[in-house]
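Enquirer: So here's run-v3.txt, just compact mmCIF, C-alpha atoms and all ligand atoms:
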# COMPACT_ATOMS: atom_id res chain seq x y z
CA MET R 1 -149.51 -191.20 -45.61
CA LYS R 2 -150.63 -194.74 -46.48
CA ARG R 3 -154.31 -193.72 -46.16
CA SER R 4 -153.95 -190.80 -48.60
CA LEU R 5 -152.14 -193.05 -51.09
CA PHE R 6 -155.00 -195.55 -50.82
CA LYS R 7 -157.51 -192.70 -51.39
CA LEU R 8 -155.60 -191.53 -54.44
CA VAL R 9 -155.61 -195.04 -55.94
CA LEU R 10 -159.38 -195.26 -55.33
CA ILE R 11 -159.96 -191.87 -57.05
CA VAL R 12 -157.81 -192.87 -60.04
CA LEU R 13 -159.70 -196.18 -60.36
CA ALA R 14 -163.08 -194.41 -60.09
CA VAL R 15 -162.16 -191.82 -62.74
CA GLY R 16 -160.86 -194.57 -65.04
CA PHE R 17 -164.03 -196.60 -64.56
CA THR R 18 -166.27 -193.56 -65.22
CA VAL R 19 -164.39 -192.61 -68.40
CA THR R 20 -164.62 -196.20 -69.71
CA ALA R 21 -168.30 -196.44 -68.79
CA LEU R 22 -168.99 -193.09 -70.50
CA ALA R 23 -167.24 -194.22 -73.67
CA GLN R 24 -169.18 -197.50 -73.63
CA ASN R 25 -172.40 -195.51 -73.39
CA THR R 26 -171.54 -193.44 -76.45
CA ARG R 27 -173.99 -194.32 -79.20
CA VAL R 28 -172.17 -194.75 -82.50
CA LYS R 29 -174.23 -195.25 -85.64
CA ILE R 30 -172.43 -196.93 -88.53
CA LEU R 31 -173.72 -195.92 -91.96
CA ALA R 32 -172.54 -198.35 -94.64
CA THR R 33 -172.14 -197.29 -98.27
CA GLY R 34 -170.06 -200.17 -99.72
CA GLY R 35 -166.48 -200.00 -101.01
CA THR R 36 -163.58 -202.41 -100.62
CA ILE R 37 -164.11 -202.57 -96.85
CA ALA R 38 -167.29 -204.50 -97.77
CA GLY R 39 -165.63 -206.15 -100.77
CA ALA R 40 -165.47 -209.90 -101.37
CA GLY R 41 -163.09 -211.81 -103.64
CA ALA R 42 -162.97 -215.42 -104.84
CA ALA R 43 -159.62 -216.22 -103.19
CA ALA R 44 -157.83 -214.78 -100.15
CA GLU R 45 -154.49 -214.56 -101.99
CA ARG R 46 -155.82 -212.79 -105.10
CA ALA R 47 -156.37 -209.05 -105.44
CA ALA R 48 -159.49 -209.29 -107.65
CA TYR R 49 -162.79 -208.62 -105.86
CA THR R 50 -166.14 -206.88 -106.11
CA ALA R 51 -166.62 -203.79 -103.93
CA GLY R 52 -169.67 -203.28 -101.69
CA LYS R 53 -170.83 -206.93 -101.49
CA LEU R 54 -170.95 -207.55 -97.73
CA PRO R 55 -173.97 -206.16 -95.84
CA ILE R 56 -173.51 -204.02 -92.73
CA ASP R 57 -174.32 -206.85 -90.27
CA GLU R 58 -171.50 -209.01 -91.61
CA LEU R 59 -169.10 -206.07 -91.37
CA LEU R 60 -170.05 -205.45 -87.74
CA ASN R 61 -169.89 -209.14 -86.82
CA ALA R 62 -166.35 -209.29 -88.21
CA VAL R 63 -165.20 -206.83 -85.52
CA PRO R 64 -166.90 -207.84 -82.24
CA GLN R 65 -164.45 -205.61 -80.31
CA ILE R 66 -166.30 -202.45 -81.40
CA HIS R 67 -169.23 -203.40 -79.15
CA LYS R 68 -166.93 -203.00 -76.11
CA LEU R 69 -166.13 -199.44 -77.14
CA ALA R 70 -169.60 -198.03 -77.75
CA LYS R 71 -173.27 -198.83 -78.27
CA ILE R 72 -173.23 -199.70 -81.96
CA THR R 73 -176.10 -199.63 -84.42
CA GLY R 74 -175.85 -199.92 -88.19
CA GLU R 75 -177.71 -198.81 -91.31
CA GLN R 76 -177.12 -199.64 -94.95
CA VAL R 77 -177.33 -196.39 -96.95
CA ALA R 78 -175.88 -197.74 -100.23
CA SER R 79 -173.95 -200.78 -101.51
CA ILE R 80 -171.67 -199.34 -104.15
CA GLY R 81 -168.03 -199.06 -105.10
CA SER R 82 -167.22 -195.41 -104.43
CA GLN R 83 -166.42 -194.88 -108.12
CA ASP R 84 -170.25 -194.88 -108.40
CA MET R 85 -170.75 -192.31 -105.63
CA SER R 86 -173.25 -189.69 -106.75
CA ILE R 87 -174.76 -186.38 -105.70
CA GLU R 88 -177.97 -188.30 -105.01
CA VAL R 89 -176.23 -190.54 -102.43
CA TRP R 90 -174.38 -187.54 -100.95
CA LEU R 91 -177.66 -185.72 -100.38
CA LYS R 92 -179.24 -188.85 -98.90
CA LEU R 93 -176.27 -189.30 -96.52
CA ALA R 94 -176.18 -185.64 -95.49
CA LYS R 95 -179.92 -185.51 -94.80
CA ARG R 96 -179.80 -188.75 -92.81
CA ILE R 97 -176.84 -187.58 -90.70
CA ASN R 98 -178.50 -184.25 -89.91
CA GLU R 99 -181.67 -186.16 -89.01
CA ILE R 100 -179.81 -188.62 -86.75
CA PHE R 101 -178.28 -185.76 -84.78
CA ALA R 102 -181.49 -183.67 -84.78
CA LYS R 103 -183.47 -186.60 -83.35
CA ASN R 104 -180.64 -187.51 -80.97
CA GLU R 105 -180.45 -191.06 -82.36
CA ALA R 106 -176.65 -191.21 -81.93
CA ASP R 107 -173.72 -189.30 -80.44
CA ALA R 108 -171.32 -189.99 -83.30
CA ILE R 109 -171.33 -191.47 -86.78
CA VAL R 110 -168.93 -193.75 -88.66
CA ILE R 111 -169.36 -194.09 -92.43
CA THR R 112 -167.89 -197.10 -94.22
CA HIS R 113 -166.96 -196.04 -97.74
CA GLY R 114 -164.82 -196.97 -100.74
CA THR R 115 -161.50 -195.19 -100.75
CA ASP R 116 -161.59 -193.86 -104.34
CA THR R 117 -163.94 -190.93 -103.67
CA GLN R 118 -163.83 -191.05 -99.86
CA GLU R 119 -162.15 -187.64 -99.63
CA GLU R 120 -164.94 -186.06 -101.71
CA THR R 121 -167.74 -187.48 -99.55
CA ALA R 122 -165.83 -186.44 -96.43
CA TYR R 123 -165.45 -182.84 -97.61
CA PHE R 124 -169.04 -182.61 -98.86
CA LEU R 125 -170.30 -183.75 -95.44
CA ASP R 126 -167.83 -181.42 -93.71
CA LEU R 127 -169.58 -178.53 -95.47
CA VAL R 128 -173.20 -179.59 -94.95
CA VAL R 129 -173.47 -181.46 -91.62
CA LYS R 130 -174.86 -178.90 -89.19
CA TYR R 131 -173.57 -180.44 -85.97
CA ASN R 132 -170.23 -180.49 -84.19
CA LYS R 133 -170.52 -184.17 -83.26
CA PRO R 134 -167.96 -186.65 -84.62
CA VAL R 135 -168.47 -187.97 -88.16
CA VAL R 136 -165.67 -190.33 -89.21
CA LEU R 137 -165.21 -191.98 -92.61
CA VAL R 138 -163.39 -195.27 -92.92
CA GLY R 139 -162.53 -197.70 -95.69
CA ALA R 140 -160.05 -200.38 -96.64
CA MET R 141 -157.53 -201.02 -99.37
CA ARG R 142 -157.92 -204.81 -99.18
CA PRO R 143 -161.27 -206.62 -99.46
CA ALA R 144 -162.75 -208.34 -96.41
CA THR R 145 -161.85 -211.79 -97.85
CA ALA R 146 -158.13 -211.01 -98.36
CA ILE R 147 -155.21 -212.19 -96.21
CA SER R 148 -154.39 -209.31 -93.83
CA ALA R 149 -157.53 -207.39 -94.72
CA ASP R 150 -157.13 -203.88 -93.30
CA GLY R 151 -160.87 -203.16 -92.96
CA PRO R 152 -161.51 -204.71 -89.51
CA LYS R 153 -158.67 -202.79 -87.84
CA ASN R 154 -159.61 -199.58 -89.64
CA LEU R 155 -163.24 -199.98 -88.52
CA LEU R 156 -162.16 -200.58 -84.92
CA ASP R 157 -159.98 -197.45 -85.08
CA ALA R 158 -162.78 -195.38 -86.60
CA VAL R 159 -165.07 -196.35 -83.72
CA VAL R 160 -162.28 -195.43 -81.26
CA VAL R 161 -162.11 -191.99 -82.87
CA ALA R 162 -165.90 -191.51 -83.09
CA ALA R 163 -166.46 -192.52 -79.43
CA ASP R 164 -163.74 -190.27 -78.03
CA PRO R 165 -165.08 -186.97 -76.57
CA LYS R 166 -161.93 -185.24 -77.89
CA SER R 167 -163.24 -185.82 -81.43
CA GLN R 168 -166.09 -183.32 -81.06
CA GLY R 169 -165.89 -180.05 -82.96
CA ARG R 170 -163.09 -181.14 -85.29
CA GLY R 171 -165.19 -181.33 -88.44
CA VAL R 172 -165.65 -184.49 -90.49
CA MET R 173 -162.61 -186.77 -90.30
CA LEU R 174 -161.20 -189.82 -92.04
CA ALA R 175 -159.54 -192.63 -90.06
CA MET R 176 -157.32 -195.01 -92.02
CA ASN R 177 -154.08 -196.88 -91.37
CA GLU R 178 -153.80 -195.65 -87.75
CA ARG R 179 -154.04 -191.98 -88.77
CA VAL R 180 -156.78 -189.38 -88.53
CA PHE R 181 -157.13 -186.71 -91.21
CA ASP R 182 -159.38 -183.69 -91.55
CA ALA R 183 -161.82 -183.95 -94.45
CA ARG R 184 -160.66 -180.76 -96.12
CA SER R 185 -157.01 -181.64 -96.66
CA VAL R 186 -156.92 -185.44 -96.94
CA THR R 187 -156.38 -187.05 -100.34
CA LYS R 188 -155.83 -190.54 -101.75
CA THR R 189 -152.27 -190.64 -103.10
CA ASN R 190 -151.63 -194.27 -104.00
CA SER R 191 -153.86 -196.58 -106.06
CA THR R 192 -152.97 -199.84 -104.24
CA SER R 193 -150.89 -199.26 -101.09
CA LEU R 194 -152.32 -199.40 -97.55
CA GLU R 195 -150.55 -196.12 -96.86
CA THR R 196 -152.53 -194.13 -99.37
CA PHE R 197 -154.20 -191.27 -97.49
CA LEU R 198 -152.12 -188.18 -96.88
CA SER R 199 -152.65 -184.54 -96.22
CA THR R 200 -149.92 -183.30 -98.54
CA ASN R 201 -149.67 -179.80 -97.09
CA PHE R 202 -150.27 -180.42 -93.40
CA GLY R 203 -150.09 -184.10 -92.28
CA PRO R 204 -152.59 -186.04 -90.15
CA VAL R 205 -154.41 -184.27 -87.30
CA GLY R 206 -154.09 -187.31 -85.03
CA LEU R 207 -152.67 -190.80 -84.60
CA ILE R 208 -154.44 -193.96 -83.41
CA TYR R 209 -152.70 -196.74 -81.52
CA ASP R 210 -153.70 -199.31 -78.93
CA GLN R 211 -157.37 -198.25 -79.17
CA LYS R 212 -156.62 -194.63 -78.31
CA VAL R 213 -156.51 -191.49 -80.43
CA GLN R 214 -154.13 -188.60 -79.80
CA TYR R 215 -154.64 -185.27 -81.56
CA TYR R 216 -151.85 -182.91 -82.53
CA TYR R 217 -153.51 -180.26 -84.71
CA ASN R 218 -156.91 -178.62 -84.82
CA PRO R 219 -158.11 -177.66 -88.31
CA VAL R 220 -159.47 -174.11 -88.36
CA ARG R 221 -161.78 -174.48 -91.39
CA LYS R 222 -164.56 -176.77 -90.14
CA PRO R 223 -167.95 -175.09 -90.52
CA GLY R 224 -170.05 -177.59 -88.46
CA LYS R 225 -173.08 -175.88 -86.93
CA ASP R 226 -172.05 -172.54 -88.50
CA THR R 227 -172.15 -173.82 -92.07
CA PRO R 228 -173.92 -171.52 -94.54
CA TYR R 229 -174.84 -174.46 -96.80
CA ASP R 230 -178.24 -176.06 -96.37
CA VAL R 231 -179.08 -179.08 -98.52
CA SER R 232 -182.26 -180.05 -96.66
CA GLY R 233 -184.55 -178.94 -99.52
CA LEU R 234 -182.27 -179.93 -102.42
CA THR R 235 -182.55 -182.90 -104.79
CA SER R 236 -179.64 -181.87 -107.03
CA LEU R 237 -176.69 -179.45 -107.14
CA PRO R 238 -175.64 -176.96 -109.85
CA ARG R 239 -173.56 -178.63 -112.56
CA VAL R 240 -169.80 -178.18 -112.13
CA ASP R 241 -167.23 -180.00 -114.31
CA ILE R 242 -163.46 -180.40 -114.14
CA ALA R 243 -161.03 -179.70 -117.01
CA TYR R 244 -157.32 -180.63 -116.97
CA MET R 245 -154.22 -178.86 -118.27
CA TYR R 246 -151.19 -180.57 -119.87
CA ALA R 247 -148.61 -179.60 -122.50
CA ASP R 248 -150.38 -178.38 -125.64
CA ALA R 249 -153.82 -179.07 -124.09
CA ASP R 250 -156.80 -178.45 -126.33
CA PRO R 251 -159.72 -176.40 -124.89
CA THR R 252 -162.46 -178.68 -126.26
CA ALA R 253 -163.41 -179.93 -122.78
CA ILE R 254 -164.10 -176.40 -121.50
CA GLU R 255 -166.14 -175.52 -124.56
CA ALA R 256 -168.14 -178.75 -124.29
CA PHE R 257 -168.86 -178.23 -120.58
CA VAL R 258 -170.16 -174.70 -121.25
CA LYS R 259 -172.33 -176.06 -124.07
CA ALA R 260 -173.64 -178.82 -121.79
CA GLY R 261 -174.88 -176.17 -119.33
CA ALA R 262 -172.16 -176.15 -116.67
CA LYS R 263 -172.70 -173.37 -114.14
CA GLY R 264 -169.14 -173.75 -112.96
CA ILE R 265 -165.85 -175.28 -114.12
CA VAL R 266 -162.81 -176.20 -112.07
CA PHE R 267 -159.73 -175.84 -114.21
CA THR R 268 -156.91 -178.11 -113.00
CA GLY R 269 -154.00 -176.00 -114.16
CA VAL R 270 -150.26 -176.64 -114.17
CA GLY R 271 -148.14 -175.23 -111.33
CA ASN R 272 -149.87 -172.23 -109.77
CA GLY R 273 -153.09 -172.99 -111.70
CA ASN R 274 -151.65 -171.91 -115.04
CA MET R 275 -152.79 -172.63 -118.63
CA ASN R 276 -151.76 -172.19 -122.25
CA LYS R 277 -153.18 -169.49 -124.56
CA LYS R 278 -155.86 -171.79 -126.07
CA ASN R 279 -157.28 -172.65 -122.66
CA TYR R 280 -156.92 -169.04 -121.48
CA ASP R 281 -159.16 -167.94 -124.33
CA ALA R 282 -161.72 -170.69 -123.64
CA ILE R 283 -161.81 -169.80 -119.93
CA LYS R 284 -162.22 -166.10 -120.77
CA ALA R 285 -165.14 -166.96 -123.07
CA ALA R 286 -166.71 -169.07 -120.31
CA THR R 287 -166.38 -166.44 -117.57
CA SER R 288 -167.75 -163.78 -119.98
CA LYS R 289 -170.89 -165.92 -120.26
CA GLY R 290 -171.25 -166.00 -116.45
CA VAL R 291 -169.79 -169.48 -115.84
CA VAL R 292 -167.77 -169.41 -112.61
CA VAL R 293 -164.29 -170.83 -113.29
CA VAL R 294 -162.08 -171.83 -110.37
CA ARG R 295 -158.34 -172.37 -110.94
CA ALA R 296 -156.89 -175.39 -109.08
CA THR R 297 -153.55 -177.15 -109.58
CA ARG R 298 -152.59 -180.59 -110.82
CA THR R 299 -149.59 -180.59 -108.42
CA PRO R 300 -150.24 -182.75 -105.33
CA GLY R 301 -149.40 -179.98 -102.85
CA GLY R 302 -149.21 -176.23 -102.40
CA ARG R 303 -151.97 -173.82 -103.33
CA VAL R 304 -153.17 -171.58 -106.11
CA THR R 305 -152.71 -167.89 -105.40
CA LEU R 306 -154.61 -164.87 -106.71
CA HIS R 307 -153.09 -162.47 -109.28
CA ASP R 308 -149.60 -163.96 -109.39
CA GLU R 309 -148.80 -165.82 -112.61
CA VAL R 310 -152.37 -165.37 -113.82
CA ASP R 311 -154.31 -162.09 -113.69
CA ASP R 312 -157.62 -163.32 -112.21
CA ASP R 313 -159.30 -159.94 -112.65
CA ALA R 314 -158.60 -159.96 -116.38
CA LEU R 315 -159.57 -163.63 -116.77
CA GLY R 316 -162.58 -163.46 -114.46
CA THR R 317 -161.44 -166.46 -112.40
CA VAL R 318 -161.49 -167.54 -108.76
CA VAL R 319 -158.64 -169.49 -107.11
CA SER R 320 -159.12 -172.76 -105.21
CA ASP R 321 -156.53 -171.85 -102.54
CA ASP R 322 -155.21 -175.25 -101.36
CA LEU R 323 -158.26 -177.36 -102.34
CA ASN R 324 -157.56 -180.01 -104.94
CA ALA R 325 -159.76 -180.00 -108.06
CA GLN R 326 -162.26 -182.64 -106.88
CA LYS R 327 -162.82 -180.79 -103.60
CA ALA R 328 -162.92 -177.39 -105.31
CA ARG R 329 -165.78 -178.81 -107.41
CA ILE R 330 -167.71 -179.66 -104.24
CA LEU R 331 -167.26 -176.22 -102.69
CA LEU R 332 -168.16 -174.56 -106.02
CA MET R 333 -171.37 -176.63 -106.37
CA LEU R 334 -172.42 -175.61 -102.87
CA ALA R 335 -171.33 -171.99 -103.37
CA LEU R 336 -173.47 -171.84 -106.52
CA THR R 337 -176.54 -172.85 -104.49
CA LYS R 338 -176.16 -169.43 -102.83
CA THR R 339 -174.52 -167.07 -105.33
CA SER R 340 -172.73 -166.81 -108.67
CA ASP R 341 -171.05 -163.55 -107.66
CA LYS R 342 -167.35 -164.14 -108.30
CA ALA R 343 -166.11 -162.10 -105.33
CA LYS R 344 -168.46 -163.88 -102.91
CA VAL R 345 -167.44 -167.29 -104.29
CA GLN R 346 -163.78 -166.30 -103.84
CA ASP R 347 -164.45 -165.36 -100.19
CA MET R 348 -165.92 -168.84 -99.63
CA PHE R 349 -162.77 -170.43 -101.05
CA PHE R 350 -160.70 -168.52 -98.50
CA GLN R 351 -163.09 -169.29 -95.65
CA TYR R 352 -164.12 -172.97 -96.02
N1 LIG M 401 -163.02 -198.97 -105.96
C1 LIG M 401 -163.09 -199.14 -104.53
C2 LIG M 401 -164.04 -198.09 -103.98
O1 LIG M 401 -163.68 -196.94 -103.95
C3 LIG M 401 -161.75 -199.03 -103.93
C4 LIG M 401 -161.70 -199.02 -102.43
O2 LIG M 401 -162.65 -199.02 -101.70
O3 LIG M 401 -160.56 -198.99 -101.91
O4 LIG M 401 -165.14 -198.43 -103.62
Translate this structure into structure tokens?
Expert:
Amino acid sequence: MKRSLFKLVLIVLAVGFTVTALAQNTRVKILATGGTIAGAGAAAERAAYTAGKLPIDELLNAVPQIHKLAKITGEQVASIGSQDMSIEVWLKLAKRINEIFAKNEADAIVITHGTDTQEETAYFLDLVVKYNKPVVLVGAMRPATAISADGPKNLLDAVVVAADPKSQGRGVMLAMNERVFDARSVTKTNSTSLETFLSTNFGPVGLIYDQKVQYYYNPVRKPGKDTPYDVSGLTSLPRVDIAYMYADADPTAIEAFVKAGAKGIVFTGVGNGNMNKKNYDAIKAATSKGVVVVRATRTPGGRVTLHDEVDDDALGTVVSDDLNAQKARILLMLALTKTSDKAKVQDMFFQY
């Protein structure tokens, strides 16, 4: 009896040791783009700061614990506040990530990023990274120089998520404030609070605590290696703009976007993607000219449904389903690299 108990303890210890050793051998590449996580201010007690100041090496040195979790390497891709994120940087990031995985330079990737457009970068990468390996975005609401900066803990947590074998095949994710979100449904909901990222319809997919991640949901829309979108030969994306509905809204924005050469427009409607008569007429004129118009909603949750309050056949529109306007723009830009057929674009909005 005693002997078998001793054996069991030995097996448990060996398994524990192997799992830890495996995790420590996981190669995590950190791609830095800037943002508040790399932000520096003049005084620890003041909120004012400049985003994207600290280089990658200083960020990594600030969290020595990450080197116990995985084999870490870092690369500076950009040094910007994410309000300056651009299609050019997105394409650069996507190509580099696909190259890192193709050349087997890393097993997982963490991207440090400003929080303002983090959800957009996450969803763009979710649609164009052709591998099922973990890609995790992370940021901070307080600059690195602030009292109780949240960046170091968030970075540690992001590495925990990236290095965990359970994180494979879940699409691109975002780790902030001890929660893990899927790229498709996460959104920034508060301009200053640490608890800003939410998935308004579905909640986080996992929780991080004590350097461990636990998953509770598995998103079903995560193209990974099956993605139809290939940006390897692209240097730009078709122009898509966003217009916004409010009481008595004037349609000038839609007309101007069409004039400027937009191939697509996301219309952020009220309620179930609705609009007043003036905007209805401007949208109808746009779709008649072949511009693909997607109806989204300005409400923070729910979805936009086909043929309910608005007759999409008559108006020539596509619905965003549950994508918010900024993410609908990303899917529409990528969809337009393949087709401008309204029915095919609509299928993509129900599939990705
Ligand atoms: N403006 C900053 C950025 O998005 C805010 C942040 O990182 O939280 O880069």
Enquirer: Residues at most 6 Å from ligand LIG 401 (chain M), using only C-alpha atoms and all ligand atoms? Could they come as a PDB file with C-alpha atoms, keeping the file's coordinate frame?
Expert:
ATOM      1  CA  GLY R  35    -166.480-200.000-101.010  1.00  0.00           C
ATOM      2  CA  THR R  36    -163.580-202.410-100.620  1.00  0.00           C
ATOM      3  CA  ALA R  51    -166.620-203.790-103.930  1.00  0.00           C
ATOM      4  CA  GLY R  81    -168.030-199.060-105.100  1.00  0.00           C
ATOM      5  CA  SER R  82    -167.220-195.410-104.430  1.00  0.00           C
ATOM      6  CA  GLN R  83    -166.420-194.880-108.120  1.00  0.00           C
ATOM      7  CA  GLY R 114    -164.820-196.970-100.740  1.00  0.00           C
ATOM      8  CA  THR R 115    -161.500-195.190-100.750  1.00  0.00           C
ATOM      9  CA  ASP R 116    -161.590-193.860-104.340  1.00  0.00           C
ATOM     10  CA  ALA R 140    -160.050-200.380 -96.640  1.00  0.00           C
ATOM     11  CA  MET R 141    -157.530-201.020 -99.370  1.00  0.00           C
TER      12      MET R 141
END
Enquirer: Name the residues within 9 Å of (-174.7, -182.4, -102.4), counting only C-alpha atoms in the file's coordinates, and put them as a PyMOL selection string.
Expert: chain R and resi 86-92+94+124-125+128+231+234-237+330+333-334
Enquirer: Kindly save the residues from that selection, with C-alpha atoms included, as a short mmCIF file (atom, residue, chain, number, x, y, z; two decimals), keeping the file's coordinate frame.
Expert:
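Now in part.cif:
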data_model
loop_
_atom_site.label_atom_id
_atom_site.label_comp_id
_atom_site.auth_asym_id
_atom_site.auth_seq_id
_atom_site.Cartn_x
_atom_site.Cartn_y
_atom_site.Cartn_z
CA SER R 86 -173.25 -189.69 -106.75
CA ILE R 87 -174.76 -186.38 -105.70
CA GLU R 88 -177.97 -188.30 -105.01
CA VAL R 89 -176.23 -190.54 -102.43
CA TRP R 90 -174.38 -187.54 -100.95
CA LEU R 91 -177.66 -185.72 -100.38
CA LYS R 92 -179.24 -188.85 -98.90
CA ALA R 94 -176.18 -185.64 -95.49
CA PHE R 124 -169.04 -182.61 -98.86
CA LEU R 125 -170.30 -183.75 -95.44
CA VAL R 128 -173.20 -179.59 -94.95
CA VAL R 231 -179.08 -179.08 -98.52
CA LEU R 234 -182.27 -179.93 -102.42
CA THR R 235 -182.55 -182.90 -104.79
CA SER R 236 -179.64 -181.87 -107.03
CA LEU R 237 -176.69 -179.45 -107.14
CA ILE R 330 -167.71 -179.66 -104.24
CA MET R 333 -171.37 -176.63 -106.37
CA LEU R 334 -172.42 -175.61 -102.87
#
Enquirer: Pick out the closest residue to Ile242 in chain R from this set: R:Ala44, R:Ala325, R:Met173, R:Val186. Count all atoms listed in the file.
Expert: R:Ala325
Enquirer: Need to verify the contact set: range 256-259 of chain R, 8 Å, only C-alpha atoms, exclusion of same-chain residues closer than 3 positions in sequence. Can you return it as a PyMOL selection string?
Expert: chain R and resi 241+252-253+262-263+265+286+291
Enquirer: So how far away is CA of Leu306 in chain R from CA of Gly271 in chain R, in Å?
Expert: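 A separation of 13.1 Å between them.
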